[in-house]
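Structure record follows, encoded as structure tokens.
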Amino acid sequence: SYQAVVRRAGSDERFLAVFEDTRSAVVDIMAANLGFSELPAGLRLLFRGWIAMVEECIMHWLDDKPVPREELVEFLRRAALTMLPDALTLGAPRA
């Protein structure tokens, strides 16, 4: 079901609404788990971009499983952690 929504999101306004609601809900869950009631702009960008990368990697992985699942999960975890410091500075006032 999720694969259908992700792949067809742009072709139907209803799919697009479900897709956007799902993405927003995942961002909100991530923010809450990290203790944020309101996300800074840079973190919101990071979370949405990382989720898009995760979705695309998983959709591709489901087709032919080119790497072991554990390696993919670790890669995605490291990618998020690598981007986090820069995301925290996005939109910050410059001295």
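All residue names refer to the structure tokens as shown: chains lettered A, B, ... in order, residues numbered from 1 in each chain, ligands numbered from 1 in order.
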Determine, for each residue of range 4-61 of chain A having at least one atom at most 12 Å from an atom of range 66-88 of chain A, the closest pair of atoms and their separation in Å to one decimal, counting only C-alpha atoms; order by chain and ascending number, as a tab-separated table.
```
residue	atom	partner	partner_atom	distance
A:Met30	CA	A:Ala80	CA	11.8
A:Leu39	CA	A:Leu88	CA	10.1
A:Pro40	CA	A:Leu88	CA	7.6
A:Ala41	CA	A:Ala87	CA	8.4
A:Gly42	CA	A:Ala87	CA	4.7
A:Leu43	CA	A:Ala87	CA	5.5
A:Arg44	CA	A:Ala87	CA	8.6
A:Leu45	CA	A:Ala87	CA	7.6
A:Leu46	CA	A:Ala87	CA	6.1
A:Phe47	CA	A:Ala80	CA	8.3
A:Arg48	CA	A:Ala80	CA	11.0
A:Gly49	CA	A:Ala80	CA	9.6
A:Trp50	CA	A:Ala80	CA	6.6
A:Ile51	CA	A:Ala80	CA	9.5
A:Ala52	CA	A:Leu76	CA	11.2
A:Met53	CA	A:Leu76	CA	8.3
A:Val54	CA	A:Leu76	CA	6.7
A:Glu55	CA	A:Leu76	CA	10.4
A:Glu56	CA	A:Leu76	CA	11.2
A:Cys57	CA	A:Leu72	CA	8.2
A:Ile58	CA	A:Leu72	CA	8.5
A:Met59	CA	A:Pro66	CA	11.6
A:His60	CA	A:Pro66	CA	8.6
A:Trp61	CA	A:Pro66	CA	6.3
```
Please produce a file of the residues just selected, as a PDB file, in the first residue's frame, where the atoms kept are C-alpha atoms.
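Output (part04.pdb):
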```pdb
ATOM      1  CA  MET A  30      10.668  12.335  14.862  1.00  0.00           C
ATOM      2  CA  LEU A  39      11.239  22.254  14.768  1.00  0.00           C
ATOM      3  CA  PRO A  40      13.819  24.790  13.618  1.00  0.00           C
ATOM      4  CA  ALA A  41      13.650  25.294   9.839  1.00  0.00           C
ATOM      5  CA  GLY A  42      16.904  23.441   9.189  1.00  0.00           C
ATOM      6  CA  LEU A  43      15.783  20.349  11.076  1.00  0.00           C
ATOM      7  CA  ARG A  44      12.434  20.306   9.288  1.00  0.00           C
ATOM      8  CA  LEU A  45      14.303  20.397   5.960  1.00  0.00           C
ATOM      9  CA  LEU A  46      16.659  17.653   7.114  1.00  0.00           C
ATOM     10  CA  PHE A  47      13.864  15.404   8.357  1.00  0.00           C
ATOM     11  CA  ARG A  48      11.786  15.775   5.191  1.00  0.00           C
ATOM     12  CA  GLY A  49      14.798  15.248   2.939  1.00  0.00           C
ATOM     13  CA  TRP A  50      16.028  12.266   4.938  1.00  0.00           C
ATOM     14  CA  ILE A  51      12.573  10.675   4.860  1.00  0.00           C
ATOM     15  CA  ALA A  52      12.499  11.104   1.062  1.00  0.00           C
ATOM     16  CA  MET A  53      15.914   9.437   0.828  1.00  0.00           C
ATOM     17  CA  VAL A  54      14.798   6.603   3.117  1.00  0.00           C
ATOM     18  CA  GLU A  55      11.648   6.048   1.059  1.00  0.00           C
ATOM     19  CA  GLU A  56      13.554   5.950  -2.220  1.00  0.00           C
ATOM     20  CA  CYS A  57      16.246   3.643  -0.836  1.00  0.00           C
ATOM     21  CA  ILE A  58      13.641   1.273   0.564  1.00  0.00           C
ATOM     22  CA  MET A  59      11.568   1.268  -2.625  1.00  0.00           C
ATOM     23  CA  HIS A  60      14.688   0.372  -4.602  1.00  0.00           C
ATOM     24  CA  TRP A  61      15.827  -2.157  -1.998  1.00  0.00           C
TER      25      TRP A  61
END
```
Among the residues of chain A, find those DSSP assigns to helix (DSSP H, G or I) from the backbone and print them as a ChimeraX atom specification.
/A:2-11,13-33,41-64,69-89
Please measure the separation of CA of Gly35 in chain A and CA of Asp21 in chain A, giving the value in Å to one decimal.
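So the answer is 20.9 Å.
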